[in-house]
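Coordinates from work27.cif are shown below (mmCIF, C-alpha atoms).
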```cif
data_input
loop_
_atom_site.group_PDB
_atom_site.id
_atom_site.type_symbol
_atom_site.label_atom_id
_atom_site.label_comp_id
_atom_site.auth_asym_id
_atom_site.auth_seq_id
_atom_site.Cartn_x
_atom_site.Cartn_y
_atom_site.Cartn_z
ATOM 1 C CA MET A 428 -51.664 -64.704 38.744
ATOM 2 C CA THR A 429 -48.993 -66.082 36.557
ATOM 3 C CA ARG A 430 -46.726 -64.020 34.574
ATOM 4 C CA PRO A 431 -46.577 -64.627 30.851
ATOM 5 C CA ASP A 432 -43.388 -66.092 29.505
ATOM 6 C CA ALA A 433 -41.042 -63.551 27.937
ATOM 7 C CA SER A 434 -40.938 -65.574 24.774
ATOM 8 C CA THR A 435 -44.676 -65.281 24.351
ATOM 9 C CA GLU A 436 -44.862 -61.621 25.200
ATOM 10 C CA ARG A 437 -43.911 -59.335 22.381
ATOM 11 C CA ARG A 438 -42.805 -55.895 23.234
ATOM 12 C CA ARG A 439 -44.349 -53.351 21.003
ATOM 13 C CA ILE A 440 -41.890 -50.693 20.034
ATOM 14 C CA PRO A 441 -43.670 -47.693 18.658
ATOM 15 C CA ARG A 442 -42.648 -47.083 15.049
ATOM 16 C CA LEU A 443 -42.746 -43.756 13.306
ATOM 17 C CA PRO A 444 -44.848 -43.672 10.193
ATOM 18 C CA LEU A 445 -42.823 -43.680 7.005
ATOM 19 C CA TRP A 446 -44.130 -40.258 5.979
ATOM 20 C CA VAL A 447 -42.659 -38.687 9.162
ATOM 21 C CA ILE A 448 -39.229 -40.109 8.359
ATOM 22 C CA GLY A 449 -39.548 -38.929 4.741
ATOM 23 C CA ALA A 450 -40.583 -35.445 5.845
ATOM 24 C CA ALA A 451 -37.580 -35.226 8.190
ATOM 25 C CA VAL A 452 -35.225 -36.218 5.365
ATOM 26 C CA VAL A 453 -36.765 -33.592 3.070
ATOM 27 C CA VAL A 454 -36.406 -30.893 5.754
ATOM 28 C CA VAL A 455 -32.725 -31.758 6.251
ATOM 29 C CA ILE A 456 -32.048 -31.684 2.495
ATOM 30 C CA LEU A 457 -33.876 -28.362 2.045
ATOM 31 C CA GLY A 458 -31.955 -26.880 4.967
ATOM 32 C CA ALA A 459 -28.635 -27.934 3.433
ATOM 33 C CA LEU A 460 -29.620 -26.498 0.040
ATOM 34 C CA LEU A 461 -30.727 -23.200 1.567
ATOM 35 C CA TRP A 462 -27.514 -22.920 3.580
ATOM 36 C CA HIS A 463 -25.414 -23.662 0.494
ATOM 37 C CA GLY A 464 -27.410 -21.196 -1.613
ATOM 38 C CA ARG A 465 -27.017 -18.486 1.000
ATOM 39 C CA SER A 466 -23.260 -18.955 1.230
ATOM 40 C CA THR A 467 -23.006 -18.967 -2.570
ATOM 41 C CA MET A 468 -24.933 -15.695 -2.789
ATOM 42 C CA GLN A 469 -22.711 -14.132 -0.112
ATOM 43 C CA GLU A 470 -19.610 -15.236 -2.022
ATOM 44 C CA ARG A 471 -21.036 -13.875 -5.272
ATOM 45 C CA SER A 472 -21.800 -10.553 -3.604
ATOM 46 C CA ALA A 473 -18.249 -10.373 -2.224
ATOM 47 C CA HIS A 474 -16.857 -11.109 -5.706
ATOM 48 C CA GLU A 475 -19.026 -8.366 -7.197
ATOM 49 C CA THR A 476 -17.878 -5.857 -4.583
ATOM 50 C CA VAL A 477 -14.173 -6.552 -5.069
ATOM 51 C CA ALA A 478 -14.484 -6.587 -8.886
ATOM 52 C CA THR A 479 -16.320 -3.241 -8.845
ATOM 53 C CA SER A 480 -13.741 -1.697 -6.538
ATOM 54 C CA ARG A 481 -10.818 -2.912 -8.645
ATOM 55 C CA CYS A 482 -12.507 -1.652 -11.802
ATOM 56 C CA GLU A 483 -12.981 1.789 -10.280
ATOM 57 C CA ASP A 484 -9.260 1.772 -9.385
ATOM 58 C CA ALA A 485 -8.388 0.742 -12.957
ATOM 59 C CA VAL A 486 -10.561 3.524 -14.400
ATOM 60 C CA ARG A 487 -8.858 6.042 -12.085
ATOM 61 C CA GLY A 488 -5.499 4.739 -13.329
ATOM 62 C CA GLU A 489 -6.569 5.202 -16.945
ATOM 63 C CA LEU A 490 -7.798 8.714 -16.119
ATOM 64 C CA ASP A 491 -4.415 9.486 -14.504
ATOM 65 C CA ASN A 492 -2.704 8.379 -17.721
ATOM 66 C CA ARG A 493 -4.930 10.588 -19.854
ATOM 67 C CA LEU A 494 -4.892 13.608 -17.570
ATOM 68 C CA GLY A 495 -1.194 13.530 -16.808
ATOM 69 C CA ALA A 496 -1.546 12.672 -13.112
ATOM 70 C CA ASN A 497 -2.844 16.142 -12.234
ATOM 71 C CA GLY A 498 -4.957 14.863 -9.334
ATOM 72 C CA GLN A 499 -8.341 15.069 -11.032
ATOM 73 C CA ALA A 500 -8.638 11.292 -11.260
ATOM 74 C CA ALA A 501 -8.505 10.983 -7.473
ATOM 75 C CA GLU A 502 -11.556 13.263 -7.244
ATOM 76 C CA ALA A 503 -13.489 11.434 -9.984
ATOM 77 C CA GLU A 504 -16.959 10.255 -8.999
ATOM 78 C CA PHE A 505 -18.620 7.125 -10.245
ATOM 79 C CA VAL A 506 -22.314 7.317 -11.090
ATOM 80 C CA ASP A 507 -24.875 4.673 -12.136
ATOM 81 C CA VAL A 508 -22.387 1.843 -11.652
ATOM 82 C CA ASP A 509 -23.798 -1.559 -12.593
ATOM 83 C CA SER A 510 -22.122 -4.957 -12.345
ATOM 84 C CA ARG A 511 -23.098 -8.218 -13.991
ATOM 85 C CA THR A 512 -21.417 -11.484 -14.777
ATOM 86 C CA THR A 513 -20.199 -11.961 -18.307
ATOM 87 C CA GLY A 514 -18.265 -14.344 -20.504
ATOM 88 C CA VAL A 515 -14.592 -14.108 -21.336
ATOM 89 C CA GLY A 516 -13.789 -12.868 -24.832
ATOM 90 C CA SER A 517 -10.515 -13.279 -26.698
ATOM 91 C CA GLY A 518 -9.113 -9.930 -25.512
ATOM 92 C CA GLU A 519 -9.925 -10.768 -21.912
ATOM 93 C CA ALA A 520 -8.411 -14.245 -22.294
ATOM 94 C CA GLN A 521 -5.203 -12.593 -23.530
ATOM 95 C CA ALA A 522 -5.139 -10.322 -20.463
ATOM 96 C CA LEU A 523 -5.459 -13.421 -18.275
ATOM 97 C CA GLN A 524 -2.576 -15.103 -20.109
ATOM 98 C CA ASP A 525 -0.472 -11.960 -19.719
ATOM 99 C CA ALA A 526 -1.118 -12.195 -15.969
ATOM 100 C CA GLY A 527 -0.014 -15.842 -15.982
ATOM 101 C CA ARG A 528 -3.544 -17.197 -15.474
ATOM 102 C CA ASP A 529 -6.120 -18.927 -17.658
ATOM 103 C CA ARG A 530 -9.883 -19.391 -17.915
ATOM 104 C CA ALA A 531 -9.867 -22.402 -15.610
ATOM 105 C CA ASP A 532 -8.777 -20.120 -12.737
ATOM 106 C CA ILE A 533 -11.866 -17.882 -12.993
ATOM 107 C CA GLU A 534 -14.573 -18.046 -10.331
ATOM 108 C CA THR A 535 -16.626 -15.207 -11.864
ATOM 109 C CA HIS A 536 -16.011 -12.694 -14.632
ATOM 110 C CA TRP A 537 -17.647 -9.301 -14.185
ATOM 111 C CA ALA A 538 -18.548 -6.448 -16.521
ATOM 112 C CA VAL A 539 -18.745 -3.163 -14.628
ATOM 113 C CA THR A 540 -20.311 -0.186 -16.415
ATOM 114 C CA GLY A 541 -21.322 3.320 -15.488
ATOM 115 C CA ASP A 542 -20.277 6.938 -15.778
ATOM 116 C CA VAL A 543 -17.295 8.706 -14.293
ATOM 117 C CA THR A 544 -17.543 12.453 -13.714
ATOM 118 C CA LEU A 545 -14.613 14.851 -13.573
ATOM 119 C CA ASP A 546 -14.488 18.384 -12.209
ATOM 120 C CA GLY A 547 -12.369 21.233 -13.466
ATOM 121 C CA GLU A 548 -10.773 22.040 -16.780
ATOM 122 C CA LEU A 549 -9.752 19.018 -18.797
ATOM 123 C CA PRO A 550 -6.870 18.937 -21.260
ATOM 124 C CA SER A 551 -8.136 18.484 -24.816
ATOM 125 C CA ALA A 552 -5.576 15.760 -25.487
ATOM 126 C CA ALA A 553 -7.287 13.603 -22.846
ATOM 127 C CA ARG A 554 -10.456 13.454 -24.980
ATOM 128 C CA LEU A 555 -12.630 13.451 -21.875
ATOM 129 C CA GLY A 556 -15.721 15.387 -20.942
ATOM 130 C CA PRO A 557 -17.218 16.185 -17.578
ATOM 131 C CA THR A 558 -19.154 12.867 -17.678
ATOM 132 C CA ASN A 559 -17.684 9.813 -19.389
ATOM 133 C CA PRO A 560 -19.144 6.331 -19.799
ATOM 134 C CA PHE A 561 -16.814 3.498 -18.856
ATOM 135 C CA ARG A 562 -16.712 -0.269 -19.136
ATOM 136 C CA CYS A 563 -14.356 -2.511 -17.241
ATOM 137 C CA THR A 564 -14.091 -6.272 -17.050
ATOM 138 C CA ALA A 565 -12.563 -8.089 -14.104
ATOM 139 C CA ALA A 566 -11.949 -11.760 -13.403
ATOM 140 C CA VAL A 567 -12.217 -12.920 -9.794
ATOM 141 C CA LEU A 568 -10.001 -15.974 -9.586
ATOM 142 C CA ASP A 569 -10.218 -19.110 -7.475
ATOM 143 C CA ASP A 570 -7.575 -17.742 -5.056
ATOM 144 C CA ASP A 571 -9.704 -14.570 -4.569
ATOM 145 C CA SER A 572 -7.275 -12.419 -6.540
ATOM 146 C CA VAL A 573 -8.611 -10.144 -9.285
ATOM 147 C CA VAL A 574 -7.275 -9.568 -12.785
ATOM 148 C CA ILE A 575 -8.566 -6.565 -14.728
ATOM 149 C CA THR A 576 -9.168 -7.924 -18.211
ATOM 150 C CA GLY A 577 -10.250 -4.707 -19.904
ATOM 151 C CA VAL A 578 -10.855 -0.976 -19.348
ATOM 152 C CA HIS A 579 -12.515 1.419 -21.758
ATOM 153 C CA ILE A 580 -13.515 5.034 -21.149
ATOM 154 C CA ASN A 581 -15.793 6.809 -23.658
#
```
Render the structure in this file as structure tokens.
Amino acid sequence: MTRPDASTERRRIPRLPLWVIGAAVVVVILGALLWHGRSTMQERSAHETVATSRCEDAVRGELDNRLGANGQAAEAEFVDVDSRTTGVGSGEAQALQDAGRDRADIETHWAVTGDVTLDGELPSAARLGPTNPFRCTAAVLDDDSVVITGVHIN
């Protein structure tokens, strides 16, 4: 038996069907998008948490100013707190400028709303009740710092 010449024998290399290659590419792209989306959502959640915390601190500071630093602000409780992203108005833009920053530095701008409750007797000059609605806006910047751009109680 003679062996066929190598030049006449063609080696068949199995080829994957084009749809298998396409499906693999789609799976890789979807995986990358899901990973990016997950990390973006985690970052957004972290921004929301820090903005809410800083707003609560700012509201406590405003309460201290109104109450004369009598310690009631430290015991204040926050109820029905809600956070959402929002645009930057002219007053908030001015607060950013006062802090030496501008709109281009903002990663997310948050509006934090809710009620703050106070125990004990309140001085009438403070114009506060036992439960007071508040609104605070905070800009989380690209260096992860936070600038409070507005605080309003009642």
Practice problem: Kindly extract all protein, DNA and RNA residues lying within 6 Å of the coordinates (-13.6, -16.7, -9.2) given in the file, considering all atoms listed in the file, and supply them as a PyMOL selection string. | Solution: chain A and resi 533-535+567-569
Practice problem: Could you tell me which residues the PyMOL selection byres ((chain A and resi 487-499) around 9) grabs in this file, written as a list in words? | Solution: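 When the PyMOL selection byres ((chain A and resi 487-499) around 9) is applied to the shown file, the picked residues are Cys482, Glu483, Asp484, Ala485, Val486, Ala500, Ala501, Glu502, Ala503, Leu545, Asp546, Gly547, Leu549, Pro550, Ala552, Ala553, Arg554, Leu555, Val578, His579 and Ile580 of chain A.
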Residue subset to file, keeping C-alpha atoms, as an mmCIF file, in the coordinates of the input:
```
data_model
loop_
_atom_site.group_PDB
_atom_site.id
_atom_site.type_symbol
_atom_site.label_atom_id
_atom_site.label_comp_id
_atom_site.auth_asym_id
_atom_site.auth_seq_id
_atom_site.Cartn_x
_atom_site.Cartn_y
_atom_site.Cartn_z
ATOM 1 C CA CYS A 482 -12.507 -1.652 -11.802
ATOM 2 C CA GLU A 483 -12.981 1.789 -10.280
ATOM 3 C CA ASP A 484 -9.260 1.772 -9.385
ATOM 4 C CA ALA A 485 -8.388 0.742 -12.957
ATOM 5 C CA VAL A 486 -10.561 3.524 -14.400
ATOM 6 C CA ALA A 500 -8.638 11.292 -11.260
ATOM 7 C CA ALA A 501 -8.505 10.983 -7.473
ATOM 8 C CA GLU A 502 -11.556 13.263 -7.244
ATOM 9 C CA ALA A 503 -13.489 11.434 -9.984
ATOM 10 C CA LEU A 545 -14.613 14.851 -13.573
ATOM 11 C CA ASP A 546 -14.488 18.384 -12.209
ATOM 12 C CA GLY A 547 -12.369 21.233 -13.466
ATOM 13 C CA LEU A 549 -9.752 19.018 -18.797
ATOM 14 C CA PRO A 550 -6.870 18.937 -21.260
ATOM 15 C CA ALA A 552 -5.576 15.760 -25.487
ATOM 16 C CA ALA A 553 -7.287 13.603 -22.846
ATOM 17 C CA ARG A 554 -10.456 13.454 -24.980
ATOM 18 C CA LEU A 555 -12.630 13.451 -21.875
ATOM 19 C CA VAL A 578 -10.855 -0.976 -19.348
ATOM 20 C CA HIS A 579 -12.515 1.419 -21.758
ATOM 21 C CA ILE A 580 -13.515 5.034 -21.149
#
```
Quiz item: With all atoms listed in the file as the basis for distance, which of A:Cys563, A:Val455, A:Leu460, A:Val506 is at the shortest distance from Asp542 in chain A?
Solution: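 Nearest candidate to Asp542 in chain A out of A:Cys563, A:Val455, A:Leu460, A:Val506: A:Val506.
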Exercise. Kindly resolve the PyMOL selection byres ((chain A and resi 560) around 9) on the present coordinates and return the residues as a PyMOL selection string.
Key: chain A and resi 540-544+558-559+561-562+579-581
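Pairwise distance (CA of Gly577 in chain A, CA of Thr564 in chain A) equals 5.0 Å.
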As JSON, please: the centre and edge lengths in Å, to one decimal, of an axis-aligned box enclosing every listed atom of range 444-448 of chain A with 6 Å added on each side.
```
{"center_x": -42.0, "center_y": -41.2, "center_z": 8.1, "size_x": 17.6, "size_y": 17.0, "size_z": 16.2}
```
Quiz item: How many Å lie between CA of Ala538 in chain A and CA of Asp509 in chain A, rounded to one decimal?
Solution: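 Calculated distance between CA of Ala538 in chain A and CA of Asp509 in chain A is 8.2 Å.
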Quiz item: Out of A:Leu461, A:Ala478, A:Val539, A:Val574, which residue has the shortest atom-to-atom distance to Ala522 in chain A when counting all atoms listed in the file?
Solution: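 Closest residue, counting all atoms listed in the file: A:Val574.
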Quiz prompt | Which of A:Ala531, A:Ala451, A:Ala459, A:Ala566 sits closest to Thr513 in chain A [using all atoms listed in the file] | solution = A:Ala566
Quiz prompt | Reference answer for the PyMOL selection byres ((chain A and resi 512) around 6), as a VMD selection string | solution = chain A and resid 511 513 536 to 537
Go ahead and save the picked residues with C-alpha atoms, as a short mmCIF file (atom, residue, chain, number, x, y, z; two decimals), keeping the file's coordinate frame.
```cif
data_model
loop_
_atom_site.label_atom_id
_atom_site.label_comp_id
_atom_site.auth_asym_id
_atom_site.auth_seq_id
_atom_site.Cartn_x
_atom_site.Cartn_y
_atom_site.Cartn_z
CA ARG A 511 -23.10 -8.22 -13.99
CA THR A 513 -20.20 -11.96 -18.31
CA HIS A 536 -16.01 -12.69 -14.63
CA TRP A 537 -17.65 -9.30 -14.18
#
```
Quiz item: Quick one: of A:Asp570, A:Asp529, A:Glu548, A:Glu475, who's nearest to Ser510 in chain A, counting only C-alpha atoms?
Solution: A:Glu475
Exercise. Using CA of Glu504 in chain A and CA of Leu523 in chain A as the two end points, give the distance in Å to one decimal.
Key: 27.9 Å
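Considering only C-alpha atoms, the residue among A:Asp507, A:Thr576, A:Ala565, A:Val477 positioned nearest to Asp525 in chain A is A:Thr576.
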Quiz item: Counting all atoms listed in the file, which of A:Val454, A:Val508, A:Ile575, A:Ile448 gets nearest to Ala526 in chain A?
Solution: A:Ile575
